[in-house]
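Have a look at the structure below before the remarks.
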Amino acid sequence: MTTLAAFDAAFARCPLVAILRGVEPGAVEAIGEELVAAGFTLIEVPMNSPDPLDSVARLAKRLGGRAVIGAGTVLDVAQVAAMRDAGGQMVISPNADLDVIRASAAAGLASLPGIATPSEAFAALKAGASALKLFPAEGASPAVLKAMRAVLPKTVRVLPVGGITPDNMAPWRAAGAAGFGLGSALYKPGMTAVEVGQNARSFVAALRQ
């Protein structure tokens with residue numbers, strides 16, 4: 001299975017991206033196991049975490065075949081290559097850097113750039129984005145997403161990221177969100193793996209309502 005096919009299959013199973021910003025490599029495998037047990041299939045380690053490539057490598061080795069692992073806050077082409085070499089398959093960015101998107105697509109990796117406007121969205125898609133990250137969602141609204149969905153191709157997946165909780169997912173879903181990126185409401189540094197697992201189950205339950 002190609003990386004993009006693996007991403008599509010994982011997304012279809014559970015369209016929630018776990019964002020483990022600040023996670024320590026020594027804790028990441030236990031947290032990953034809890035996330036997978038809760039039903040998660042997409043896990044991101046932001047590049048501004050402690051030794052993020054070590055965490056990506058540990059997760060890719062431990063959870064290979066069960067979850068697609070990637071890096072977040074990827075800001076340049078060199079980081080794309082480093083993440084791929086560590087075993088990552090998914091490149092997530094807060095911005096729509098066309099060089100990063102093109103490099104990710106050329107490497108056969110899933111690319112999820114951050115967008116805030118239709119102009120950024122269409123440019124990212126043209127460069128090869130696999131899905132779009134509406135970021136920061138706190139600065140947008142379900143009404144903004146609904147307006148974007150009216151002009152974007154129906155097959156494009158848009159994931160609001162920022163401030164998403166189990167309680168506020170429904171309006172976004174109604175507006176056309178295909179999934180979500182989940183940050184501090186799912187994981188904060190210092191949480192135990194069990195705590196993360198409990199949060200993960202709450203998100204999965206809310207998604208299935």
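Following the order of the structure tokens, first chain is A, next is B, and so on, with residues numbered from 1 inside each chain and ligands from 1 in the order they appear.
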Quiz prompt | strand (DSSP E or B) per DSSP on the backbone: members of stretch 58-161 of chain A, as a PyMOL selection string | solution = chain A and resi 68-72+90-92+110-112+114-115+132-134+158-161
Exercise. Just the residues within 12 Å of A:Leu159, please, counting only C-alpha atoms, with nothing from its chain fewer than 2 positions along; format it as a ChimeraX atom specification.
Key: /A:11,15-17,92,112-116,121,130-137,142,145,149,156-157,161-162,164,169,172-173,175-182
Hey, can you spit out that residue selection with C-alpha atoms as a PDB file, in the first residue's frame?
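Output file out.pdb is given in full below:
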```pdb
ATOM      1  CA  PHE A  11      -8.546   8.839   7.561  1.00  0.00           C
ATOM      2  CA  PRO A  15     -10.588  11.343  10.711  1.00  0.00           C
ATOM      3  CA  LEU A  16      -9.005  12.694  13.890  1.00  0.00           C
ATOM      4  CA  VAL A  17      -5.354  13.766  14.030  1.00  0.00           C
ATOM      5  CA  ILE A  92       1.389  18.875   8.563  1.00  0.00           C
ATOM      6  CA  LEU A 112      -1.863  18.727   5.167  1.00  0.00           C
ATOM      7  CA  PRO A 113      -1.002  22.442   4.964  1.00  0.00           C
ATOM      8  CA  GLY A 114      -2.659  25.126   7.038  1.00  0.00           C
ATOM      9  CA  ILE A 115      -5.002  27.470   5.194  1.00  0.00           C
ATOM     10  CA  ALA A 116      -7.227  30.369   6.259  1.00  0.00           C
ATOM     11  CA  ALA A 121      -6.788  26.587  -0.187  1.00  0.00           C
ATOM     12  CA  SER A 130      -3.780  15.745   0.316  1.00  0.00           C
ATOM     13  CA  ALA A 131      -6.153  17.574   2.678  1.00  0.00           C
ATOM     14  CA  LEU A 132      -6.456  21.066   4.144  1.00  0.00           C
ATOM     15  CA  LYS A 133      -6.032  22.187   7.724  1.00  0.00           C
ATOM     16  CA  LEU A 134      -8.263  25.178   8.564  1.00  0.00           C
ATOM     17  CA  PHE A 135      -6.043  26.959  11.052  1.00  0.00           C
ATOM     18  CA  PRO A 136      -6.484  28.538  13.480  1.00  0.00           C
ATOM     19  CA  ALA A 137     -10.085  27.407  13.765  1.00  0.00           C
ATOM     20  CA  PRO A 142     -18.426  26.935  10.930  1.00  0.00           C
ATOM     21  CA  LEU A 145     -16.030  26.718   6.526  1.00  0.00           C
ATOM     22  CA  ARG A 149     -17.098  24.293   1.075  1.00  0.00           C
ATOM     23  CA  VAL A 156     -11.435  17.969  -0.642  1.00  0.00           C
ATOM     24  CA  ARG A 157     -11.097  17.150   3.041  1.00  0.00           C
ATOM     25  CA  VAL A 161      -7.568  22.725  13.966  1.00  0.00           C
ATOM     26  CA  GLY A 162      -7.334  24.892  17.069  1.00  0.00           C
ATOM     27  CA  ILE A 164     -11.570  21.819  19.038  1.00  0.00           C
ATOM     28  CA  MET A 169     -17.358  19.364  16.915  1.00  0.00           C
ATOM     29  CA  TRP A 172     -18.158  22.100  12.332  1.00  0.00           C
ATOM     30  CA  ARG A 173     -19.260  18.712  11.044  1.00  0.00           C
ATOM     31  CA  ALA A 175     -20.642  22.879   8.054  1.00  0.00           C
ATOM     32  CA  GLY A 176     -18.615  20.298   6.141  1.00  0.00           C
ATOM     33  CA  ALA A 177     -15.590  19.436   8.280  1.00  0.00           C
ATOM     34  CA  ALA A 178     -14.215  16.053   7.197  1.00  0.00           C
ATOM     35  CA  GLY A 179     -12.226  15.615  10.398  1.00  0.00           C
ATOM     36  CA  PHE A 180     -10.246  17.505  13.013  1.00  0.00           C
ATOM     37  CA  GLY A 181      -6.777  18.102  14.375  1.00  0.00           C
ATOM     38  CA  LEU A 182      -6.826  17.848  18.159  1.00  0.00           C
TER      39      LEU A 182
END
```
Exercise. Point out the residue among A:Met1, A:Ala140, A:Ala82, A:Val91 with the least atom-to-atom distance to A:Ile43, counting only C-alpha atoms.
Key: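 Residue with the minimum atom-to-atom distance to A:Ile43: A:Val91.
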Give one line per residue of stretch 29-53 of chain A that approaches stretch 64-68 of chain A to at most 8 Å, naming the two atoms of the closest pair and their distance in Å to one decimal, counting only C-alpha atoms; sort by chain then ascending residue number and deliver it as CSV.
```
residue,atom,partner,partner_atom,distance
A:Val36,CA,A:Ala67,CA,7.1
A:Phe40,CA,A:Ala67,CA,7.4
A:Thr41,CA,A:Ala67,CA,4.2
A:Leu42,CA,A:Val68,CA,5.0
A:Ile43,CA,A:Val68,CA,6.4
```
Quiz item: How would you write, as JSON, numbers by chain, the set of residues in stretch 28-130 of chain A that DSSP gives as helix (DSSP H, G or I)?
Solution: {"A": [28, 29, 30, 31, 32, 33, 34, 35, 36, 37, 38, 52, 53, 54, 55, 56, 57, 58, 59, 60, 61, 62, 63, 77, 78, 79, 80, 81, 82, 83, 84, 85, 98, 99, 100, 101, 102, 103, 104, 105, 106, 118, 119, 120, 121, 122, 123, 124, 125, 126, 127]}
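Across the structure, atom CA of A:Ala60 and atom CA of A:Ala86 are spaced 8.0 Å apart.
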Exercise. Pick out the residues sitting within 12 Å of A:Gln79, and hand them over as a list in words; count only C-alpha atoms, and ignore anything fewer than 3 positions along from it in its own chain.
Key: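 These residues fall inside the cut-off: Pro46, Met47, Asn48, Pro52, Leu53, Gly70, Ala71, Gly72, Thr73, Val74, Leu75, Asp76, Ala82, Met83, Arg84, Asp85, Ala86, Gly88, Met90, Val91, Ile92, Ser93, Asp99, Val100, Ile101, Ala103 and Ser104 of chain A.
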Resulting file, chosen residues, N, CA, C and O atoms, as a compact mmCIF listing (two decimals), in the first residue's frame:
```txt
# COMPACT_ATOMS: atom_id res chain seq x y z
N PRO A 46 4.58 17.47 16.55
CA PRO A 46 5.06 18.75 16.04
C PRO A 46 6.58 18.86 16.15
O PRO A 46 7.20 18.37 17.10
N MET A 47 7.17 19.52 15.16
CA MET A 47 8.62 19.65 15.10
C MET A 47 9.20 20.52 16.20
O MET A 47 10.41 20.52 16.43
N ASN A 48 8.36 21.30 16.89
CA ASN A 48 8.86 22.09 18.01
C ASN A 48 8.67 21.38 19.35
O ASN A 48 8.65 21.98 20.40
N PRO A 52 11.74 15.71 18.20
CA PRO A 52 10.54 15.19 17.53
C PRO A 52 10.80 14.03 16.59
O PRO A 52 9.95 13.13 16.46
N LEU A 53 11.94 14.02 15.93
CA LEU A 53 12.20 12.94 14.96
C LEU A 53 12.40 11.60 15.66
O LEU A 53 12.07 10.55 15.11
N GLY A 70 3.10 11.18 11.54
CA GLY A 70 3.66 12.31 10.82
C GLY A 70 4.21 13.36 11.74
O GLY A 70 4.20 13.20 12.97
N ALA A 71 4.72 14.41 11.15
CA ALA A 71 5.24 15.54 11.90
C ALA A 71 4.39 16.76 11.62
O ALA A 71 3.85 16.93 10.52
N GLY A 72 4.28 17.61 12.61
CA GLY A 72 3.56 18.87 12.45
C GLY A 72 4.51 20.04 12.57
O GLY A 72 5.69 19.89 12.89
N THR A 73 3.98 21.22 12.31
CA THR A 73 4.78 22.45 12.31
C THR A 73 6.01 22.27 11.41
O THR A 73 7.11 22.67 11.75
N VAL A 74 5.79 21.61 10.27
CA VAL A 74 6.86 21.43 9.28
C VAL A 74 6.93 22.70 8.44
O VAL A 74 5.98 23.05 7.75
N LEU A 75 8.07 23.38 8.50
CA LEU A 75 8.17 24.72 7.93
C LEU A 75 9.09 24.82 6.72
O LEU A 75 9.10 25.85 6.05
N ASP A 76 9.88 23.77 6.44
CA ASP A 76 10.77 23.85 5.28
C ASP A 76 11.00 22.47 4.68
O ASP A 76 10.65 21.45 5.26
N ALA A 82 13.73 15.05 6.54
CA ALA A 82 14.12 14.47 7.83
C ALA A 82 12.99 13.63 8.41
O ALA A 82 13.22 12.54 8.97
N MET A 83 11.77 14.11 8.30
CA MET A 83 10.63 13.36 8.81
C MET A 83 10.44 12.06 8.05
O MET A 83 10.20 11.00 8.63
N ARG A 84 10.57 12.12 6.72
CA ARG A 84 10.45 10.91 5.91
C ARG A 84 11.51 9.89 6.30
O ARG A 84 11.22 8.69 6.42
N ASP A 85 12.73 10.36 6.50
CA ASP A 85 13.82 9.46 6.86
C ASP A 85 13.60 8.82 8.23
O ASP A 85 14.11 7.73 8.51
N ALA A 86 12.84 9.50 9.08
CA ALA A 86 12.54 8.96 10.41
C ALA A 86 11.38 7.97 10.38
O ALA A 86 11.07 7.34 11.39
N GLY A 88 8.23 8.87 9.05
CA GLY A 88 6.95 9.57 9.00
C GLY A 88 6.34 9.54 7.61
O GLY A 88 7.05 9.44 6.60
N MET A 90 3.29 11.63 7.02
CA MET A 90 2.30 12.70 6.97
C MET A 90 2.95 14.03 7.36
O MET A 90 3.52 14.14 8.44
N VAL A 91 2.88 15.02 6.47
CA VAL A 91 3.50 16.33 6.70
C VAL A 91 2.40 17.35 6.97
O VAL A 91 1.56 17.60 6.11
N ILE A 92 2.41 17.92 8.16
CA ILE A 92 1.39 18.87 8.56
C ILE A 92 2.06 20.20 8.89
O ILE A 92 3.08 20.24 9.58
N SER A 93 1.48 21.29 8.39
CA SER A 93 2.07 22.61 8.58
C SER A 93 1.01 23.60 9.04
O SER A 93 -0.18 23.42 8.74
N ASP A 99 6.45 25.24 -1.42
CA ASP A 99 7.64 24.39 -1.55
C ASP A 99 7.52 23.14 -0.68
O ASP A 99 7.88 22.03 -1.09
N VAL A 100 7.01 23.32 0.54
CA VAL A 100 6.83 22.20 1.46
C VAL A 100 5.78 21.24 0.91
O VAL A 100 5.95 20.01 0.94
N ILE A 101 4.69 21.79 0.39
CA ILE A 101 3.63 20.94 -0.17
C ILE A 101 4.15 20.15 -1.36
O ILE A 101 3.94 18.94 -1.46
N ALA A 103 7.25 19.38 -2.14
CA ALA A 103 8.26 18.40 -1.71
C ALA A 103 7.59 17.19 -1.08
O ALA A 103 8.01 16.04 -1.31
N SER A 104 6.55 17.42 -0.30
CA SER A 104 5.83 16.31 0.34
C SER A 104 5.16 15.44 -0.72
O SER A 104 5.26 14.21 -0.69
```
Quiz item: How many Å separate atom CA of A:Ala124 from atom CA of A:Ala96?
Solution: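 Interatomic distance here is 6.1 Å.
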Mind running stretch 14-125 of chain A against stretch 199-208 of chain A at 8 Å and telling me each contacting residue's nearest atom pair with the distance in Å (one decimal), counting only C-alpha atoms, chain and number ascending, as CSV?
```
residue,atom,partner,partner_atom,distance
A:Leu35,CA,A:Ala200,CA,6.3
A:Ala38,CA,A:Arg201,CA,5.3
A:Gly39,CA,A:Val204,CA,7.1
A:Phe40,CA,A:Ala200,CA,7.6
```
